[in-house]
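One file, coords.cif, is given below (mmCIF, C-alpha atoms).
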data_protein
loop_
_atom_site.label_atom_id
_atom_site.label_comp_id
_atom_site.auth_asym_id
_atom_site.auth_seq_id
_atom_site.Cartn_x
_atom_site.Cartn_y
_atom_site.Cartn_z
CA MET A 1091 -23.86 -13.92 -5.17
CA ASN A 1092 -24.27 -15.43 -1.68
CA ILE A 1093 -24.71 -19.19 -1.44
CA PRO A 1094 -26.51 -21.21 1.27
CA ILE A 1095 -24.34 -21.95 4.31
CA ASN A 1096 -24.19 -25.38 5.88
CA PRO A 1097 -24.13 -24.76 9.68
CA ALA A 1098 -21.52 -27.48 10.06
CA GLU A 1099 -19.16 -25.51 7.84
CA THR A 1100 -19.51 -22.08 9.48
CA ALA A 1101 -16.54 -22.62 11.79
CA ALA A 1102 -14.27 -22.65 8.75
CA LEU A 1103 -15.68 -19.35 7.51
CA GLY A 1104 -15.21 -15.83 8.75
CA GLN A 1105 -17.53 -13.54 10.68
CA PRO A 1106 -20.95 -12.71 9.26
CA PRO A 1107 -21.32 -9.07 8.22
CA LYS A 1108 -22.73 -6.73 10.87
CA ASP A 1109 -25.81 -4.66 10.20
CA VAL A 1110 -24.89 -1.12 9.19
CA GLN A 1111 -26.74 0.21 12.27
CA HIS A 1112 -24.01 -1.38 14.37
CA TYR A 1113 -21.53 1.11 12.93
CA MET A 1114 -23.91 4.07 13.20
CA ARG A 1115 -24.61 3.73 16.93
CA ALA A 1116 -23.49 6.41 19.40
CA GLY A 1117 -19.85 6.48 20.45
CA THR A 1118 -17.09 8.60 21.99
CA LEU A 1119 -15.92 10.29 18.78
CA GLY A 1120 -17.51 13.06 16.75
CA LEU A 1121 -16.31 13.18 13.13
CA PRO A 1122 -17.66 16.29 11.35
CA ALA A 1123 -17.25 14.72 7.89
CA LEU A 1124 -15.97 11.54 6.26
CA PRO A 1125 -12.56 11.50 4.53
CA PRO A 1126 -11.93 10.44 0.91
CA LEU A 1127 -12.53 6.75 0.21
CA SER A 1128 -10.19 4.38 -1.63
CA LEU A 1129 -10.42 0.68 -2.48
CA TYR A 1130 -7.62 -1.85 -1.98
CA ILE A 1131 -7.82 -5.23 -3.76
CA HIS A 1132 -5.42 -8.03 -2.83
CA LEU A 1133 -4.43 -10.68 -5.40
CA PRO A 1134 -2.28 -13.01 -3.29
CA TRP A 1135 -0.41 -15.23 -5.76
CA CYS A 1136 3.17 -14.84 -7.00
CA LEU A 1137 5.61 -16.94 -9.02
CA LYS A 1138 7.96 -17.33 -6.06
CA LYS A 1139 8.03 -16.12 -2.47
CA CYS A 1140 10.89 -13.65 -2.03
CA PRO A 1141 13.12 -14.19 1.04
CA TYR A 1142 12.48 -10.67 2.40
CA CYS A 1143 8.69 -10.64 1.82
CA ASP A 1144 6.28 -10.68 4.77
CA PHE A 1145 3.17 -9.85 2.72
CA ASN A 1146 0.29 -12.27 2.36
CA SER A 1147 1.60 -13.89 -0.83
CA HIS A 1148 1.45 -17.51 -1.95
CA GLU A 1149 3.33 -19.28 -4.73
CA GLN A 1150 0.99 -20.14 -7.59
CA ARG A 1151 -0.08 -23.73 -8.07
CA SER A 1152 1.39 -25.68 -10.94
CA GLN A 1153 -0.57 -25.73 -14.18
CA ALA A 1154 -1.22 -29.42 -13.54
CA ASP A 1155 -3.01 -28.38 -10.34
CA GLY A 1156 -5.02 -25.71 -12.14
CA GLY A 1157 -2.75 -22.68 -11.74
CA VAL A 1158 -4.21 -19.47 -10.32
CA PRO A 1159 -8.04 -19.74 -9.98
CA GLU A 1160 -8.59 -16.33 -11.58
CA GLN A 1161 -12.31 -16.53 -12.31
CA ARG A 1162 -13.34 -18.02 -8.97
CA TYR A 1163 -11.21 -15.48 -7.13
CA ILE A 1164 -12.83 -12.58 -8.99
CA ASP A 1165 -16.24 -14.07 -8.18
CA ALA A 1166 -15.16 -14.04 -4.52
CA LEU A 1167 -13.94 -10.44 -4.76
CA MET A 1168 -17.27 -9.31 -6.15
CA ALA A 1169 -19.15 -11.16 -3.39
CA ASP A 1170 -16.83 -9.59 -0.80
CA LEU A 1171 -17.46 -6.13 -2.28
CA GLU A 1172 -21.23 -6.61 -2.37
CA ALA A 1173 -21.27 -7.64 1.30
CA SER A 1174 -19.36 -4.44 2.13
CA LEU A 1175 -21.46 -2.02 0.08
CA PRO A 1176 -23.82 -1.02 2.94
CA LEU A 1177 -20.80 0.33 4.85
CA ILE A 1178 -19.87 2.77 2.06
CA TRP A 1179 -23.30 3.44 0.57
CA GLY A 1180 -23.43 6.75 -1.29
CA ARG A 1181 -19.69 7.40 -0.99
CA THR A 1182 -17.44 8.00 -4.02
CA VAL A 1183 -14.30 5.93 -4.58
CA HIS A 1184 -11.36 8.17 -5.52
CA SER A 1185 -8.69 5.53 -6.12
CA VAL A 1186 -8.21 1.79 -6.51
CA PHE A 1187 -5.01 -0.13 -5.80
CA ILE A 1188 -4.62 -3.73 -7.01
CA GLY A 1189 -1.77 -5.21 -4.97
CA GLY A 1190 -0.30 -8.56 -4.09
CA GLY A 1191 1.34 -10.94 -4.50
CA THR A 1192 1.84 -10.33 -8.17
CA PRO A 1193 -1.39 -9.05 -9.74
CA SER A 1194 0.18 -9.22 -13.22
CA LEU A 1195 -0.11 -13.02 -12.97
CA PHE A 1196 -3.79 -12.39 -13.77
CA SER A 1197 -4.59 -12.10 -17.46
CA PRO A 1198 -5.65 -8.75 -18.96
CA ASP A 1199 -9.10 -10.28 -19.59
CA SER A 1200 -9.44 -11.07 -15.88
CA ILE A 1201 -8.33 -7.57 -14.87
CA ASP A 1202 -10.84 -6.16 -17.37
CA ARG A 1203 -13.58 -8.25 -15.75
CA LEU A 1204 -12.47 -7.12 -12.29
CA ILE A 1205 -12.50 -3.40 -13.13
CA SER A 1206 -15.81 -3.70 -15.01
CA GLY A 1207 -17.27 -5.36 -11.91
CA LEU A 1208 -16.08 -2.48 -9.74
CA ARG A 1209 -17.61 0.12 -12.04
CA ALA A 1210 -20.93 -1.74 -12.04
CA ARG A 1211 -21.11 -1.73 -8.24
CA LEU A 1212 -19.41 1.47 -7.08
CA ARG A 1213 -19.69 5.20 -7.57
CA MET A 1214 -16.22 5.99 -8.91
CA GLU A 1215 -14.66 9.33 -9.80
CA PRO A 1216 -14.53 9.80 -13.59
CA ASP A 1217 -10.73 10.17 -13.35
CA CYS A 1218 -10.36 7.53 -10.64
CA GLU A 1219 -6.72 6.49 -10.22
CA ILE A 1220 -6.47 2.71 -10.73
CA THR A 1221 -3.02 1.38 -9.88
CA MET A 1222 -1.88 -2.19 -10.42
CA GLU A 1223 1.34 -3.80 -9.23
CA ALA A 1224 3.33 -5.72 -11.82
CA ASN A 1225 6.62 -7.58 -11.82
CA PRO A 1226 9.07 -7.89 -14.73
CA GLY A 1227 9.08 -11.66 -14.21
CA THR A 1228 5.47 -11.77 -15.46
CA PHE A 1229 6.09 -9.33 -18.30
CA GLU A 1230 5.48 -10.19 -21.92
CA LYS A 1231 5.27 -7.92 -24.95
CA GLU A 1232 1.97 -5.98 -25.17
CA ARG A 1233 0.74 -7.28 -21.79
CA PHE A 1234 1.10 -3.91 -20.07
CA ARG A 1235 -0.76 -2.19 -22.92
CA ALA A 1236 -3.57 -4.71 -22.48
CA TYR A 1237 -3.84 -3.77 -18.79
CA ARG A 1238 -4.10 -0.14 -19.86
CA HIS A 1239 -6.98 -1.00 -22.19
CA ALA A 1240 -8.63 -2.93 -19.34
CA GLY A 1241 -8.85 0.29 -17.32
CA VAL A 1242 -5.62 0.40 -15.28
CA THR A 1243 -4.37 4.00 -15.26
CA ARG A 1244 -1.12 3.58 -13.32
CA LEU A 1245 1.35 0.69 -13.18
CA SER A 1246 3.71 0.08 -10.26
CA ILE A 1247 6.61 -2.13 -11.31
CA GLY A 1248 8.54 -4.13 -8.72
CA VAL A 1249 11.99 -3.68 -10.25
CA GLN A 1250 13.97 -3.57 -6.94
CA SER A 1251 17.26 -3.47 -8.89
CA PHE A 1252 18.57 -3.57 -12.46
CA ASP A 1253 21.70 -5.47 -11.38
CA ASP A 1254 21.57 -9.25 -11.77
CA ARG A 1255 23.78 -9.75 -8.68
CA PHE A 1256 21.30 -8.06 -6.36
CA LEU A 1257 18.23 -9.49 -8.06
CA HIS A 1258 19.67 -12.93 -7.41
CA ALA A 1259 20.43 -12.01 -3.78
CA LEU A 1260 16.83 -10.86 -3.35
CA GLY A 1261 15.42 -14.06 -4.86
CA ARG A 1262 13.69 -12.21 -7.70
CA VAL A 1263 12.53 -14.21 -10.73
CA HIS A 1264 13.50 -11.54 -13.29
CA ASP A 1265 16.89 -10.31 -14.48
CA GLY A 1266 18.13 -6.83 -15.33
CA ALA A 1267 17.31 -7.12 -19.04
CA GLN A 1268 13.71 -8.10 -18.26
CA ALA A 1269 13.45 -5.19 -15.83
CA ARG A 1270 14.63 -2.69 -18.45
CA ALA A 1271 12.26 -4.10 -21.08
CA ALA A 1272 9.31 -3.96 -18.67
CA VAL A 1273 10.00 -0.35 -17.67
CA GLN A 1274 10.36 0.67 -21.32
CA GLU A 1275 6.96 -0.79 -22.20
CA ALA A 1276 5.35 0.79 -19.14
CA ALA A 1277 6.76 4.18 -20.19
CA GLU A 1278 5.23 3.74 -23.65
CA ALA A 1279 1.85 2.43 -22.43
CA PHE A 1280 1.12 4.64 -19.39
CA GLU A 1281 1.09 8.38 -18.81
CA THR A 1282 2.14 7.75 -15.22
CA PHE A 1283 3.84 4.79 -13.59
CA ASN A 1284 5.96 3.93 -10.57
CA LEU A 1285 9.23 2.06 -10.10
CA ASP A 1286 9.87 0.20 -6.84
CA ILE A 1287 13.58 0.23 -6.01
CA MET A 1288 15.36 -1.16 -2.94
CA TYR A 1289 18.68 -0.13 -1.42
CA ALA A 1290 21.06 -1.31 1.31
CA LEU A 1291 21.01 -4.72 -0.38
CA PRO A 1292 23.35 -7.61 0.50
CA GLY A 1293 26.82 -6.68 -0.79
CA GLN A 1294 25.66 -3.37 -2.31
CA THR A 1295 28.01 -0.38 -2.32
CA GLU A 1296 27.13 3.25 -2.83
CA ALA A 1297 28.58 3.04 -6.35
CA ASP A 1298 26.28 0.07 -7.08
CA LEU A 1299 23.29 2.09 -5.89
CA VAL A 1300 24.28 5.04 -8.09
CA ARG A 1301 24.35 2.78 -11.17
CA ASP A 1302 20.89 1.42 -10.32
CA LEU A 1303 19.47 4.91 -9.86
CA GLU A 1304 21.11 6.20 -13.05
CA THR A 1305 19.43 3.36 -14.94
CA ALA A 1306 16.06 4.04 -13.29
CA LEU A 1307 16.21 7.80 -13.85
CA GLY A 1308 17.23 7.22 -17.46
CA PHE A 1309 13.64 6.11 -18.14
CA HIS A 1310 12.34 9.47 -16.81
CA PRO A 1311 9.84 7.78 -14.46
CA PRO A 1312 7.10 10.05 -13.10
CA HIS A 1313 7.33 8.34 -9.69
CA ILE A 1314 9.84 6.20 -7.78
CA SER A 1315 9.32 4.44 -4.46
CA ILE A 1316 12.67 3.65 -2.84
CA TYR A 1317 12.77 1.36 0.19
CA HIS A 1318 15.53 0.36 2.58
CA LEU A 1319 15.75 -3.45 2.73
CA THR A 1320 14.50 -4.49 6.14
CA ILE A 1321 14.67 -7.93 7.70
CA GLU A 1322 11.09 -8.76 8.69
CA PRO A 1323 10.07 -11.48 11.19
CA ASN A 1324 8.84 -14.79 9.78
CA THR A 1325 10.75 -14.44 6.51
CA TYR A 1326 13.61 -16.50 5.07
CA PHE A 1327 15.98 -13.58 5.68
CA ALA A 1328 14.93 -13.53 9.35
CA LYS A 1329 16.07 -17.14 9.69
CA PHE A 1330 19.18 -16.72 7.52
CA PRO A 1331 20.13 -13.02 7.69
CA PRO A 1332 22.23 -11.72 4.80
CA VAL A 1333 25.15 -9.35 5.32
CA VAL A 1334 23.83 -5.87 4.51
CA PRO A 1335 25.53 -2.44 4.46
CA GLU A 1336 26.18 -0.79 7.82
CA GLU A 1337 23.79 1.89 9.04
CA ASP A 1338 26.13 4.78 8.22
CA THR A 1339 26.54 3.48 4.68
CA ALA A 1340 22.77 3.19 4.31
CA TYR A 1341 22.37 6.82 5.44
CA ASP A 1342 24.94 7.88 2.83
CA MET A 1343 22.96 5.93 0.22
CA LEU A 1344 19.77 7.74 1.22
CA ASP A 1345 21.51 11.11 0.92
CA ARG A 1346 22.64 10.14 -2.57
CA ILE A 1347 19.11 9.02 -3.50
CA THR A 1348 17.65 12.35 -2.39
CA ALA A 1349 20.31 14.31 -4.28
CA MET A 1350 19.98 12.32 -7.53
CA THR A 1351 16.18 12.35 -7.60
CA GLY A 1352 16.15 16.06 -6.80
CA ALA A 1353 18.59 16.78 -9.63
CA ALA A 1354 16.23 14.83 -11.93
CA GLY A 1355 13.31 17.10 -11.02
CA MET A 1356 11.62 14.74 -8.55
CA GLN A 1357 10.27 15.86 -5.18
CA ARG A 1358 10.52 13.71 -2.06
CA TYR A 1359 6.94 14.13 -0.90
CA GLU A 1360 6.91 11.14 1.47
CA ILE A 1361 9.63 9.33 3.42
CA SER A 1362 10.11 6.74 0.61
CA ALA A 1363 8.33 8.35 -2.37
CA TYR A 1364 9.69 10.70 -5.06
CA ALA A 1365 7.55 12.17 -7.83
CA ARG A 1366 7.49 14.71 -10.62
CA GLU A 1367 4.91 17.46 -10.33
CA GLY A 1368 1.38 16.10 -10.74
CA HIS A 1369 2.40 12.43 -10.42
CA GLN A 1370 2.10 11.82 -6.68
CA CYS A 1371 0.19 8.63 -5.91
CA PHE A 1372 -3.28 9.67 -4.70
CA HIS A 1373 -4.03 6.23 -3.25
CA ASN A 1374 -0.98 6.10 -0.99
CA THR A 1375 -1.37 9.77 -0.08
CA ASN A 1376 -4.89 8.99 1.09
CA TYR A 1377 -3.43 6.33 3.42
CA TRP A 1378 -0.89 8.80 4.79
CA GLN A 1379 -3.55 11.48 5.31
CA PHE A 1380 -5.64 9.00 7.32
CA GLY A 1381 -8.25 8.65 4.62
CA ASP A 1382 -10.59 5.67 4.39
CA TYR A 1383 -10.06 2.52 2.37
CA LEU A 1384 -12.16 -0.58 1.93
CA GLY A 1385 -10.07 -3.73 1.59
CA ILE A 1386 -11.25 -6.79 -0.34
CA GLY A 1387 -9.32 -9.96 -1.08
CA ALA A 1388 -7.41 -12.55 0.96
CA GLY A 1389 -5.86 -10.87 4.00
CA ALA A 1390 -6.87 -7.37 2.86
CA HIS A 1391 -6.98 -4.64 5.50
CA GLY A 1392 -9.46 -1.78 5.56
CA LYS A 1393 -10.11 1.39 7.58
CA LEU A 1394 -13.56 2.99 7.53
CA SER A 1395 -14.90 6.06 9.32
CA PHE A 1396 -18.40 6.63 10.65
CA ALA A 1397 -19.92 9.52 12.59
CA HIS A 1398 -18.83 8.21 16.00
CA ARG A 1399 -16.08 5.66 15.34
CA VAL A 1400 -13.19 4.54 13.15
CA VAL A 1401 -13.21 0.82 12.27
CA ARG A 1402 -10.45 -1.47 11.06
CA GLN A 1403 -11.27 -4.68 9.21
CA VAL A 1404 -9.19 -7.64 8.04
CA LYS A 1405 -10.36 -10.33 5.63
CA LEU A 1406 -9.50 -14.03 5.92
CA ARG A 1407 -5.88 -14.62 4.96
CA ASP A 1408 -5.73 -18.05 3.29
CA PRO A 1409 -6.79 -17.73 -0.37
CA GLN A 1410 -8.82 -20.94 -0.53
CA ARG A 1411 -10.56 -20.29 2.75
CA TYR A 1412 -11.16 -16.69 1.71
CA MET A 1413 -12.83 -17.72 -1.56
CA ASP A 1414 -15.11 -20.20 0.20
CA ALA A 1415 -16.03 -17.66 2.86
CA ALA A 1416 -16.47 -14.65 0.57
CA LEU A 1417 -18.83 -16.60 -1.68
CA ALA A 1418 -20.81 -17.44 1.46
CA GLY A 1419 -20.88 -13.79 2.58
CA ARG A 1420 -18.49 -14.34 5.53
CA ALA A 1421 -15.05 -13.04 4.48
CA LEU A 1422 -14.31 -11.00 7.65
CA ALA A 1423 -11.56 -12.26 9.93
CA SER A 1424 -11.78 -9.28 12.29
CA ASP A 1425 -13.76 -6.07 12.64
CA GLU A 1426 -12.83 -3.74 15.51
CA ASP A 1427 -13.24 -0.12 16.52
CA VAL A 1428 -9.95 1.76 16.83
CA ARG A 1429 -9.64 2.66 20.50
CA ARG A 1430 -9.84 6.37 21.25
CA LYS A 1431 -6.44 6.32 22.98
CA ASP A 1432 -4.81 4.72 19.92
CA LEU A 1433 -6.06 7.25 17.37
CA PRO A 1434 -3.36 9.93 17.89
CA PHE A 1435 -0.56 7.42 17.25
CA GLU A 1436 -2.36 5.82 14.31
CA TYR A 1437 -2.86 9.24 12.73
CA MET A 1438 0.76 10.31 13.29
CA LEU A 1439 2.13 6.98 12.09
CA ASN A 1440 0.82 8.00 8.67
CA ALA A 1441 0.76 11.80 8.52
CA LEU A 1442 4.33 12.36 9.73
CA ARG A 1443 5.65 10.34 6.78
CA LEU A 1444 4.65 13.24 4.53
CA ARG A 1445 7.14 16.00 3.75
CA GLY A 1446 4.31 18.52 4.02
CA GLY A 1447 3.11 17.15 7.34
CA PHE A 1448 -0.51 17.78 8.22
CA ALA A 1449 -2.96 20.56 9.03
CA ILE A 1450 -4.18 20.65 12.63
CA GLN A 1451 -7.74 20.90 11.33
CA ASP A 1452 -7.26 17.65 9.41
CA TYR A 1453 -6.26 15.89 12.64
CA LEU A 1454 -9.45 17.15 14.30
CA ASP A 1455 -11.61 16.13 11.33
CA ARG A 1456 -10.10 12.68 10.73
CA THR A 1457 -9.94 11.51 14.36
CA GLY A 1458 -12.86 13.38 15.91
CA LEU A 1459 -10.56 14.22 18.84
CA PRO A 1460 -9.74 17.62 20.40
CA ILE A 1461 -6.32 19.25 19.99
CA SER A 1462 -5.62 18.62 23.69
CA THR A 1463 -5.00 14.94 22.85
CA ILE A 1464 -1.75 15.80 21.05
CA SER A 1465 -0.72 19.15 22.56
CA ALA A 1466 1.86 17.76 25.00
CA ALA A 1467 3.41 15.49 22.39
CA LEU A 1468 3.61 18.36 19.87
CA ASP A 1469 5.33 20.54 22.45
CA GLU A 1470 7.88 17.80 23.12
CA ALA A 1471 8.45 17.17 19.40
CA GLU A 1472 9.00 20.87 18.80
CA ARG A 1473 11.37 21.13 21.78
CA LYS A 1474 13.46 18.28 20.33
CA GLY A 1475 13.58 19.94 16.92
CA LEU A 1476 11.58 17.18 15.22
CA VAL A 1477 8.68 19.32 13.92
CA LEU A 1478 7.83 22.88 12.96
CA ARG A 1479 4.45 24.43 13.76
CA GLN A 1480 3.30 27.37 11.69
CA HIS A 1481 0.14 28.61 9.97
CA GLY A 1482 -1.94 25.78 11.41
CA ARG A 1483 0.35 23.04 10.07
CA VAL A 1484 2.79 20.59 11.64
CA THR A 1485 5.76 19.68 9.44
CA PRO A 1486 8.58 17.22 10.17
CA THR A 1487 12.04 18.80 10.14
CA GLU A 1488 15.01 17.10 8.47
CA ARG A 1489 15.89 15.75 11.91
CA GLY A 1490 12.29 14.57 12.30
CA PHE A 1491 12.53 12.69 9.01
CA ASP A 1492 15.84 11.11 10.07
CA PHE A 1493 14.38 10.00 13.42
CA LEU A 1494 10.83 9.35 12.26
CA SER A 1495 10.19 6.38 14.58
CA ASP A 1496 11.21 8.44 17.61
CA LEU A 1497 8.93 11.27 16.47
CA GLN A 1498 5.95 8.98 15.94
CA ALA A 1499 6.49 7.29 19.31
CA LEU A 1500 5.89 10.58 21.13
CA PHE A 1501 2.19 10.20 20.29
CA LEU A 1502 1.76 6.86 22.03
CA GLY A 1503 -0.38 7.27 25.12
CA ASP A 1504 -3.86 7.97 26.40
CA ALA A 1505 -6.32 10.26 24.62
#
Render the structure in this file as structure tokens.
Amino acid sequence: MNIPINPAETAALGQPPKDVQHYMRAGTLGLPALPPLSLYIHLPWCLKKCPYCDFNSHEQRSQADGGVPEQRYIDALMADLEASLPLIWGRTVHSVFIGGGTPSLFSPDSIDRLISGLRARLRMEPDCEITMEANPGTFEKERFRAYRHAGVTRLSIGVQSFDDRFLHALGRVHDGAQARAAVQEAAEAFETFNLDIMYALPGQTEADLVRDLETALGFHPPHISIYHLTIEPNTYFAKFPPVVPEEDTAYDMLDRITAMTGAAGMQRYEISAYAREGHQCFHNTNYWQFGDYLGIGAGAHGKLSFAHRVVRQVKLRDPQRYMDAALAGRALASDEDVRRKDLPFEYMLNALRLRGGFAIQDYLDRTGLPISTISAALDEAERKGLVLRQHGRVTPTERGFDFLSDLQALFLGDA
């Protein structure tokens, strides 16, 4: 799918792909085996940019200007994937996550074409988990069922709240009634699905949160992701900060969330994720366990392991520039080895988010580093009561979960 490149235009494109031998050369690490591989696909358009959002998302063009260029973008995704295939040759993809933006802006026919293109080019597990993000503001009757028929196995719905007051405060394009209708259809169309909920919202009380959670749990969701609203740099909220609940109130809200989800039979298996037995998200768990993931799409990030190095890649961020570059075989914005001294922190940044922590052997296998690179930090974490070490595993304590950033920071340093 590559097209000839005019030398005068190369400055506007990304980096050319490196030969696979570049990644296979000798290095300072020694990975005994490669971790599971996932695929992340970024669809960057949304109806409206939310004031708290710092993701690579772009408001869709008006219909007069052509709307979302679905077919050209999928062409670019396939070209991007084909250019990346030598890096993952022979490896099996265990999960796919289609994120955004708002992927449900794309028609079911386009999603069908996308997933068919993946299956034609990749070795995928027969029961490969394929998650797609969707928003109630793009919901219409039967649309979610059509995504299911296209091959999506798991829907993640960006509800955030069922209360019109807080949806308005968050700049969402849907209302509570649309949220409830979308969740109901997802429950009927999918065996497993996720609800995204936010708390500590502008003007929200603990009683307000309880009502939101009661509504969410009333649908018996297999999985809920619950996030504290944070004010991120370079967002509208960063320039015009809303008044949000105090820290102590937010902690009380989190305690209530944990109690209510637990009473509903859901396990908190990650710092922000609650699931019924058998419904944990494999894709996100692979991130947290320092697995590999290839990223395609505008601004997509990827992490890939080789025998002697771990590499992080980022694709070009602007959608139009990305499409032009991907179709020319030059979608990479950056491609760098993770420095040896950064690997312990990068591993812990993910693994310590999990309630079950990690096995010491997994650290050795995923980083290719010796245990000596984290021994001092583990001793300090244990002394401070932030982790437990037993039977070859390291598990965050309740205190470690409450002070997760402090725990993770102990692993910054030289390796």
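Counting from CA of Glu1337 (chain A), the distance to CA of Pro1434 (chain A) is 29.7 Å.
Here CA of Leu1307 (chain A) is placed at a distance of 13.5 Å from CA of Gln1250 (chain A).
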Contact residues around His1369 (chain A) with only C-alpha atoms at 12 Å, ignoring same-chain residues under 6 positions, as a PyMOL selection string: chain A and resi 1219+1243-1244+1280-1284+1311-1314+1355-1359+1363+1375
Just want the 12 Å neighbourhood of Ile1464 (chain A), counted on all atoms listed in the file, with same-chain residues fewer than 3 positions away dropped. Output as a PyMOL selection string. chain A and resi 1431-1435+1437-1438+1450+1453-1454+1457+1459-1461+1467-1471+1484+1498-1505
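Between CA of Arg1411 (chain A) and CA of Glu1172 (chain A) lies a distance of 18.1 Å.
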Any idea what's packed within 7 Å of Leu1394 (chain A), counting only C-alpha atoms, ignoring anything in its chain fewer than 6 positions away? Could you give it as a compact mmCIF listing (two decimals) with C-alpha atoms, keeping the file's coordinate frame?
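Full text of selection35.txt as output:
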# COMPACT_ATOMS: atom_id res chain seq x y z
CA ASP A 1382 -10.59 5.67 4.39
CA TYR A 1383 -10.06 2.52 2.37
CA LEU A 1384 -12.16 -0.58 1.93
CA VAL A 1400 -13.19 4.54 13.15
CA VAL A 1401 -13.21 0.82 12.27
CA ARG A 1402 -10.45 -1.47 11.06
So, counting all atoms listed in the file, which residue among A:Ile1205, A:Leu1303, A:Leu1103, A:Ala1224 is closest to His1264 (chain A)? A:Ala1224
Taking the file as shown, find all residues satisfying the PyMOL selection byres ((chain A and resi 1134) around 10) and write them as a count of residues only. 25
Evaluate the PyMOL selection byres ((chain A and resi 1346) around 12) and report residues as a ChimeraX atom specification: /A:1289,1295-1304,1316,1339-1345,1347-1353
For Ser1200 (chain A), which residue among A:Val1477, A:Ile1164, A:Ile1220, A:Val1242 is the nearest when counting all atoms listed in the file? A:Ile1164
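Under the PyMOL selection byres ((chain A and resi 1403) around 8), the matching residues in the shown file are Gly1385, His1391, Gly1392, Lys1393, Val1401, Arg1402, Val1404, Lys1405, Leu1422, Ala1423, Ser1424, Asp1425 and Glu1426 of chain A.
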Write out as a short mmCIF file (atom, residue, chain, number, x, y, z; two decimals) with C-alpha atoms, in the coordinates of the input each polymer residue whose atoms come within 7 Å of region 1208-1214 of chain A, counting all atoms listed in the file; drop sequence neighbours fewer than 5 positions from it.
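Okay, around26.cif is ready:
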data_model
loop_
_atom_site.label_atom_id
_atom_site.label_comp_id
_atom_site.auth_asym_id
_atom_site.auth_seq_id
_atom_site.Cartn_x
_atom_site.Cartn_y
_atom_site.Cartn_z
CA ARG A 1181 -19.69 7.40 -0.99
CA THR A 1182 -17.44 8.00 -4.02
CA VAL A 1183 -14.30 5.93 -4.58
CA HIS A 1184 -11.36 8.17 -5.52
#
Would you compute an axis-aligned box for region 1217-1231 of chain A, covering every atom listed for it in the file with 5 Å of margin on each side, and report centre and edge lengths in Å to one decimal as AutoDock Vina command-line options?
--center_x -0.8 --center_y -0.8 --center_z -17.1 --size_x 29.8 --size_y 31.9 --size_z 25.7
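Across A:Gln1274, A:Gln1111, A:Thr1487, A:Ser1395, the tightest approach to Gly1458 (chain A) is made by A:Ser1395 when counting only C-alpha atoms.
Among the candidate residues A:Arg1270, A:Arg1366, A:Arg1399, A:Arg1238, the one lying nearest to Gly1117 (chain A) is A:Arg1399, with distances computed using only C-alpha atoms.
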Quick one: of A:Leu1478, A:Leu1127, A:Arg1489, A:Leu1121, who's nearest to Ala1449 (chain A), counting all atoms listed in the file? A:Leu1478
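Comparing A:Leu1260, A:Arg1151, A:Leu1245, A:Pro1216 by their smallest distance to Ser1194 (chain A), the closest is A:Leu1245 (using all atoms listed in the file).
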Shell around Gln1379 (chain A) at 9 Å using all atoms listed in the file, local window under 5 positions removed, as a PDB file with C-alpha atoms, keeping the file's coordinate frame:
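The result, written out as part_35.pdb:
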ATOM      1  CA  ASN A1374      -0.980   6.100  -0.990  1.00  0.00           C
ATOM      2  CA  TYR A1437      -2.860   9.240  12.730  1.00  0.00           C
ATOM      3  CA  ASN A1440       0.820   8.000   8.670  1.00  0.00           C
ATOM      4  CA  ALA A1441       0.760  11.800   8.520  1.00  0.00           C
ATOM      5  CA  LEU A1444       4.650  13.240   4.530  1.00  0.00           C
ATOM      6  CA  GLY A1447       3.110  17.150   7.340  1.00  0.00           C
ATOM      7  CA  PHE A1448      -0.510  17.780   8.220  1.00  0.00           C
ATOM      8  CA  ASP A1452      -7.260  17.650   9.410  1.00  0.00           C
ATOM      9  CA  TYR A1453      -6.260  15.890  12.640  1.00  0.00           C
ATOM     10  CA  ARG A1456     -10.100  12.680  10.730  1.00  0.00           C
TER      11      ARG A1456
END
Complete region 1291-1295 of chain A at the level of N, CA, C and O atoms, written as an mmCIF file, keeping the file's coordinate frame.
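Okay, this is what ended up in out26.cif:
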data_model
loop_
_atom_site.group_PDB
_atom_site.id
_atom_site.type_symbol
_atom_site.label_atom_id
_atom_site.label_comp_id
_atom_site.auth_asym_id
_atom_site.auth_seq_id
_atom_site.Cartn_x
_atom_site.Cartn_y
_atom_site.Cartn_z
ATOM 1 N N LEU A 1291 21.159 -3.298 -0.055
ATOM 2 C CA LEU A 1291 21.010 -4.720 -0.380
ATOM 3 C C LEU A 1291 22.267 -5.493 0.003
ATOM 4 O O LEU A 1291 23.345 -4.912 0.163
ATOM 5 N N PRO A 1292 22.172 -6.810 0.138
ATOM 6 C CA PRO A 1292 23.350 -7.610 0.500
ATOM 7 C C PRO A 1292 24.504 -7.377 -0.485
ATOM 8 O O PRO A 1292 24.358 -7.590 -1.687
ATOM 9 N N GLY A 1293 25.629 -6.902 0.034
ATOM 10 C CA GLY A 1293 26.820 -6.680 -0.790
ATOM 11 C C GLY A 1293 26.808 -5.402 -1.600
ATOM 12 O O GLY A 1293 27.762 -5.124 -2.339
ATOM 13 N N GLN A 1294 25.774 -4.577 -1.484
ATOM 14 C CA GLN A 1294 25.660 -3.370 -2.310
ATOM 15 C C GLN A 1294 26.551 -2.256 -1.771
ATOM 16 O O GLN A 1294 26.601 -2.013 -0.562
ATOM 17 N N THR A 1295 27.239 -1.565 -2.676
ATOM 18 C CA THR A 1295 28.010 -0.380 -2.320
ATOM 19 C C THR A 1295 27.270 0.863 -2.802
ATOM 20 O O THR A 1295 26.303 0.773 -3.563
#
